[in-house]
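Participant: Below is the file target.txt, which contains compact mmCIF, C-alpha atoms.
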# COMPACT_ATOMS: atom_id res chain seq x y z
CA MET B 3 -33.62 44.18 86.86
CA HIS B 4 -30.45 46.08 87.63
CA GLY B 5 -30.30 49.73 88.69
CA ARG B 6 -28.08 52.31 90.32
CA VAL B 7 -28.32 55.60 92.16
CA ASP B 8 -26.53 58.45 90.42
CA LYS B 9 -24.27 60.10 93.01
CA LEU B 10 -24.55 63.59 91.50
CA SER B 11 -28.30 63.82 90.97
CA GLY B 12 -29.50 61.29 93.56
CA PHE B 13 -31.85 59.71 90.99
CA PHE B 14 -32.26 55.96 90.63
CA TYR B 15 -31.63 54.71 87.08
CA ILE B 16 -32.55 51.28 85.78
CA ARG B 17 -29.61 50.00 83.74
CA HIS B 18 -30.93 46.60 82.66
CA PHE B 19 -34.49 45.21 82.62
CA ASN B 20 -35.56 41.76 81.48
CA SER B 21 -39.36 41.63 81.30
CA VAL B 22 -39.47 37.85 80.86
CA HIS B 23 -39.93 36.09 84.20
CA ASP B 24 -38.20 32.72 83.94
CA CYS B 25 -38.02 31.51 87.55
CA ASP B 26 -40.72 29.20 88.88
CA ALA B 27 -42.51 28.95 92.22
CA SER B 28 -39.82 26.65 93.62
CA VAL B 29 -37.96 29.80 94.69
CA LEU B 30 -40.61 30.37 97.35
CA ASN B 31 -39.68 27.68 99.86
CA VAL B 32 -38.71 27.30 103.50
CA GLN B 33 -35.28 28.81 102.86
CA HIS B 34 -36.59 31.83 100.94
CA SER B 35 -35.01 34.85 102.62
CA HIS B 36 -37.95 37.20 102.01
CA ALA B 37 -40.27 34.93 104.01
CA SER B 38 -38.75 35.99 107.32
CA SER B 39 -40.69 35.88 110.57
CA SER B 40 -40.89 39.70 110.57
CA PHE B 41 -42.38 39.67 107.07
CA ILE B 42 -44.87 36.97 108.06
CA GLY B 43 -45.76 38.95 111.20
CA LYS B 44 -46.59 41.98 109.06
CA LEU B 45 -48.70 39.85 106.70
CA VAL B 46 -50.83 38.39 109.50
CA LEU B 47 -51.02 41.56 111.63
CA ASP B 48 -54.64 42.37 110.70
CA GLU B 49 -55.75 38.78 111.20
CA VAL B 50 -54.11 38.58 114.63
CA HIS B 51 -55.76 41.89 115.57
CA SER B 52 -59.21 40.56 114.69
CA ARG B 53 -58.48 37.07 116.09
CA PRO B 54 -55.76 37.12 118.78
CA SER B 55 -55.90 33.33 119.15
CA LYS B 56 -54.54 32.83 115.61
CA HIS B 57 -52.45 29.65 115.50
CA PRO B 58 -49.24 29.12 113.53
CA VAL B 59 -50.88 26.17 111.74
CA ASP B 60 -53.42 28.62 110.29
CA VAL B 61 -50.57 30.83 109.10
CA LEU B 62 -48.90 27.86 107.41
CA GLY B 63 -52.09 27.18 105.44
CA ASP B 64 -52.60 30.85 104.60
CA MET B 65 -49.04 31.32 103.36
CA ASN B 66 -49.25 28.22 101.20
CA GLY B 67 -52.74 28.92 99.87
CA LEU B 68 -52.51 32.68 99.29
CA TYR B 69 -48.85 33.13 98.36
CA GLY B 70 -47.68 29.66 97.35
CA MET B 71 -44.95 29.79 100.02
CA SER B 72 -43.98 26.83 102.12
CA ILE B 73 -42.56 28.00 105.45
CA SER B 74 -41.48 26.24 108.62
CA TYR B 75 -43.71 26.01 111.69
CA LYS B 76 -41.11 27.87 113.77
CA ARG B 77 -41.09 30.78 111.32
CA ALA B 78 -44.90 30.93 111.36
CA TRP B 79 -44.96 30.79 115.19
CA THR B 80 -42.34 33.53 115.49
CA GLY B 81 -44.25 35.66 112.97
CA VAL B 82 -47.47 35.35 114.99
CA GLU B 83 -45.59 36.22 118.21
CA LYS B 84 -44.04 39.29 116.57
CA SER B 85 -47.42 40.52 115.35
CA LYS B 86 -48.88 40.01 118.85
CA ALA B 87 -45.97 41.97 120.31
CA ASP B 88 -46.61 44.81 117.82
CA LEU B 89 -50.30 44.89 118.64
CA PHE B 90 -50.48 44.12 122.34
CA ALA B 91 -46.90 44.82 123.58
CA ASP B 92 -44.54 42.13 124.75
CA TYR B 93 -44.38 40.57 128.22
CA SER B 94 -41.41 42.65 129.37
CA THR B 95 -43.23 45.88 128.53
CA SER B 96 -46.32 44.56 130.31
CA PHE B 97 -44.26 43.92 133.44
CA ASP B 98 -42.97 47.50 133.37
CA GLU B 99 -46.55 48.73 133.01
CA VAL B 100 -47.66 46.64 136.01
CA CYS B 101 -44.93 48.26 138.14
CA TRP B 102 -46.03 51.71 136.93
CA TRP B 103 -49.70 50.85 137.65
CA VAL B 104 -48.90 49.75 141.22
CA GLU B 105 -47.02 52.98 141.96
CA THR B 106 -49.78 55.11 140.45
CA ALA B 107 -52.50 53.21 142.34
CA ARG B 108 -50.56 53.57 145.61
CA SER B 109 -50.36 57.34 145.20
CA SER B 110 -54.06 57.74 144.39
CA ASN B 111 -55.38 55.17 146.95
CA PRO B 112 -53.46 55.93 150.15
CA ASP B 113 -54.85 53.30 152.55
CA SER B 114 -55.04 50.50 149.99
CA VAL B 115 -52.71 47.50 149.95
CA PHE B 116 -50.59 46.76 146.89
CA ASP B 117 -47.96 44.07 147.12
CA ILE B 118 -45.99 43.07 144.04
CA ASP B 119 -43.47 40.28 144.30
CA PHE B 120 -40.77 39.65 141.72
CA ASP B 121 -37.38 37.97 141.56
CA HIS B 122 -34.83 40.77 142.08
CA GLU B 123 -32.05 38.97 140.17
CA THR B 124 -33.99 38.14 137.01
CA LYS B 125 -36.60 40.93 137.39
CA ARG B 126 -39.24 38.28 136.72
CA PHE B 127 -42.80 38.78 137.96
CA VAL B 128 -43.92 36.26 140.62
CA ARG B 129 -47.22 37.49 142.09
CA MET B 130 -49.27 40.56 143.00
CA PHE B 131 -51.88 41.30 145.68
CA VAL B 132 -54.33 44.22 145.44
CA ALA B 133 -56.88 45.28 148.07
CA PHE B 134 -58.47 48.70 147.71
CA ARG B 135 -59.34 50.70 150.85
CA ALA B 136 -63.05 50.66 150.06
CA SER B 137 -63.03 46.86 149.75
CA ILE B 138 -61.08 46.44 153.00
CA TYR B 139 -63.48 48.72 154.88
CA SER B 140 -66.60 47.09 153.43
CA PHE B 141 -65.50 43.60 154.53
CA ASN B 142 -66.74 44.63 158.01
CA TYR B 143 -70.30 44.50 156.66
CA TYR B 144 -70.05 41.22 154.77
CA ARG B 145 -71.10 37.77 155.86
CA PRO B 146 -68.22 35.69 157.20
CA LEU B 147 -68.09 33.74 153.97
CA LEU B 148 -65.44 34.21 151.33
CA PHE B 149 -65.64 32.99 147.72
CA LEU B 150 -62.43 32.37 145.78
CA ASP B 151 -62.19 31.93 142.05
CA GLY B 152 -59.16 31.31 139.86
CA ALA B 153 -58.40 31.67 136.18
CA PHE B 154 -55.41 29.94 134.63
CA LEU B 155 -53.02 32.05 132.57
CA LYS B 156 -51.85 30.09 129.54
CA ALA B 157 -49.46 32.45 127.75
CA ARG B 158 -45.67 32.23 127.80
CA HIS B 159 -45.65 33.00 131.55
CA LYS B 160 -48.09 30.56 133.08
CA GLY B 161 -49.82 31.14 136.39
CA CYS B 162 -53.17 31.61 138.09
CA LEU B 163 -55.27 34.73 138.64
CA LEU B 164 -57.22 34.53 141.92
CA ALA B 165 -60.17 36.71 142.91
CA ALA B 166 -61.96 36.87 146.27
CA SER B 167 -65.54 38.05 146.76
CA THR B 168 -68.31 37.75 149.33
CA LYS B 169 -71.93 38.63 149.98
CA ASP B 170 -72.93 41.45 152.27
CA GLY B 171 -75.05 40.97 155.38
CA ASN B 172 -78.17 42.22 153.61
CA LYS B 173 -78.32 39.46 150.99
CA ASP B 174 -76.43 41.30 148.26
CA SER B 175 -78.32 44.55 148.74
CA LYS B 176 -75.69 46.93 147.41
CA VAL B 177 -77.97 49.94 147.93
CA GLU B 178 -78.22 49.21 151.66
CA LEU B 179 -74.45 48.73 151.87
CA ASP B 180 -73.86 52.05 150.12
CA ARG B 181 -76.22 53.77 152.58
CA ARG B 182 -74.32 52.28 155.53
CA LEU B 183 -70.99 53.37 154.07
CA GLU B 184 -72.25 56.96 153.57
CA ARG B 185 -73.00 57.34 157.29
Using the file provided, produce a representation of the structure as structure tokens.
Facilitator:
Amino acid sequence: MHGRVDKLSGFFYIRHFNSVHDCDASVLNVQHSHASSSFIGKLVLDEVHSRPSKHPVDVLGDMNGLYGMSISYKRAWTGVEKSKADLFADYSTSFDEVCWWVETARSSNPDSVFDIDFDHETKRFVRMFVAFRASIYSFNYYRPLLFLDGAFLKARHKGCLLAASTKDGNKDSKVELDRRLER
């Protein structure tokens, strides 16, 4: 097909059209320019939304089975990452949102402790500590026993998320603790 836009009218005119399709599926290969990572990301966007743990190997099979395209693993991986960034925001945006959250939490929780640590040169997140005023105050009524739990972060920026908790002096009776805090 060959067409042009007429400069005077602005209409698009088809000058030549060959309705016989004579190319075969070998055009759709790893080097095919239309199978870019952005295009693949748009194709798998709905699947990544419903299943965020979608693997590039699954995309390779889907592209070959549904569209007859053979793509590289790197292109499939980049496509999945781009669709995740479109859906869930990228890591840099998330870091900016963490900084905003800390400042907002500080202004609305005056006696709470928020400590965010990041590398000033690279602006890379290192760690964060959060202790709300109510939690700090209520530790006076807890047993002297502290439970720590950690969850490993396995995305591009690896790390560990730690949480501390304890039991109150009344064997987990939250109602009694609330009554003491109201006094």
Participant: Write out as a VMD selection string which residues come within 9 Å of stretch 35-52 of chain B when counting all atoms listed in the file, dropping same-chain ones fewer than 4 positions away.
Facilitator: chain B and resid 30 to 31 56 61 65 71 73 76 to 86 88 to 90
Participant: From the set B:Cys162, B:Leu10, B:Leu68, B:Ala133, which residue has the shortest atom-to-atom contact distance to B:Arg108, counting all atoms listed in the file?
Facilitator: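 The closest residue to B:Arg108 is B:Ala133.
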Participant: Find the distance between atom CA of B:Pro54 and atom CA of B:Ser96 and write it in Å to one decimal.
Facilitator: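 Going from atom CA of B:Pro54 over to atom CA of B:Ser96, I get 16.7 Å.
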Participant: Could you jot down the atom CA of B:Tyr139 to atom CA of B:Ser114 separation for me, Å, one decimal place?
Facilitator: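 Taking atom CA of B:Tyr139 and atom CA of B:Ser114, their separation equals 9.9 Å.
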Participant: So what do you get for atom CA of B:Pro58 versus atom CA of B:Gly70, distance-wise?
Facilitator: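 Distance reported for this atom pair: 16.3 Å.
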Participant: Starting from the incomplete input, reconstruct N, CA, C and O atoms of stretch 124-137 of chain B and write that as a tab-separated table (two decimals), in the frame of the given file.
Facilitator:
chain	number	residue	atom	x	y	z
B	124	THR	N	-33.57	38.27	138.41
B	124	THR	CA	-33.99	38.14	137.01
B	124	THR	C	-35.04	39.18	136.63
B	124	THR	O	-35.41	39.27	135.47
B	125	LYS	N	-35.53	39.95	137.61
B	125	LYS	CA	-36.60	40.93	137.39
B	125	LYS	C	-37.83	40.25	136.78
B	125	LYS	O	-38.52	40.82	135.95
B	126	ARG	N	-38.10	39.05	137.23
B	126	ARG	CA	-39.24	38.28	136.72
B	126	ARG	C	-40.40	38.36	137.70
B	126	ARG	O	-40.24	38.19	138.91
B	127	PHE	N	-41.58	38.64	137.17
B	127	PHE	CA	-42.80	38.78	137.96
B	127	PHE	C	-43.16	37.45	138.61
B	127	PHE	O	-43.12	36.40	137.97
B	128	VAL	N	-43.52	37.48	139.92
B	128	VAL	CA	-43.92	36.26	140.62
B	128	VAL	C	-45.41	36.32	140.98
B	128	VAL	O	-46.17	35.45	140.58
B	129	ARG	N	-45.81	37.37	141.71
B	129	ARG	CA	-47.22	37.49	142.09
B	129	ARG	C	-47.53	38.92	142.51
B	129	ARG	O	-46.63	39.70	142.80
B	130	MET	N	-48.85	39.23	142.59
B	130	MET	CA	-49.27	40.56	143.00
B	130	MET	C	-50.57	40.44	143.81
B	130	MET	O	-51.42	39.61	143.48
B	131	PHE	N	-50.68	41.25	144.85
B	131	PHE	CA	-51.88	41.30	145.68
B	131	PHE	C	-52.40	42.73	145.67
B	131	PHE	O	-51.63	43.67	145.87
B	132	VAL	N	-53.71	42.90	145.46
B	132	VAL	CA	-54.33	44.22	145.44
B	132	VAL	C	-55.58	44.18	146.32
B	132	VAL	O	-56.43	43.30	146.17
B	133	ALA	N	-55.69	45.12	147.25
B	133	ALA	CA	-56.88	45.28	148.07
B	133	ALA	C	-57.12	46.79	148.24
B	133	ALA	O	-56.34	47.47	148.90
B	134	PHE	N	-58.16	47.28	147.62
B	134	PHE	CA	-58.47	48.70	147.71
B	134	PHE	C	-59.07	49.03	149.07
B	134	PHE	O	-59.71	48.20	149.71
B	135	ARG	N	-58.87	50.25	149.53
B	135	ARG	CA	-59.34	50.70	150.85
B	135	ARG	C	-60.84	50.50	151.00
B	135	ARG	O	-61.30	50.04	152.04
B	136	ALA	N	-61.59	50.82	149.98
B	136	ALA	CA	-63.05	50.66	150.06
B	136	ALA	C	-63.43	49.19	150.25
B	136	ALA	O	-64.35	48.88	151.03
B	137	SER	N	-62.74	48.29	149.59
B	137	SER	CA	-63.03	46.86	149.75
B	137	SER	C	-62.64	46.38	151.14
B	137	SER	O	-63.37	45.59	151.75
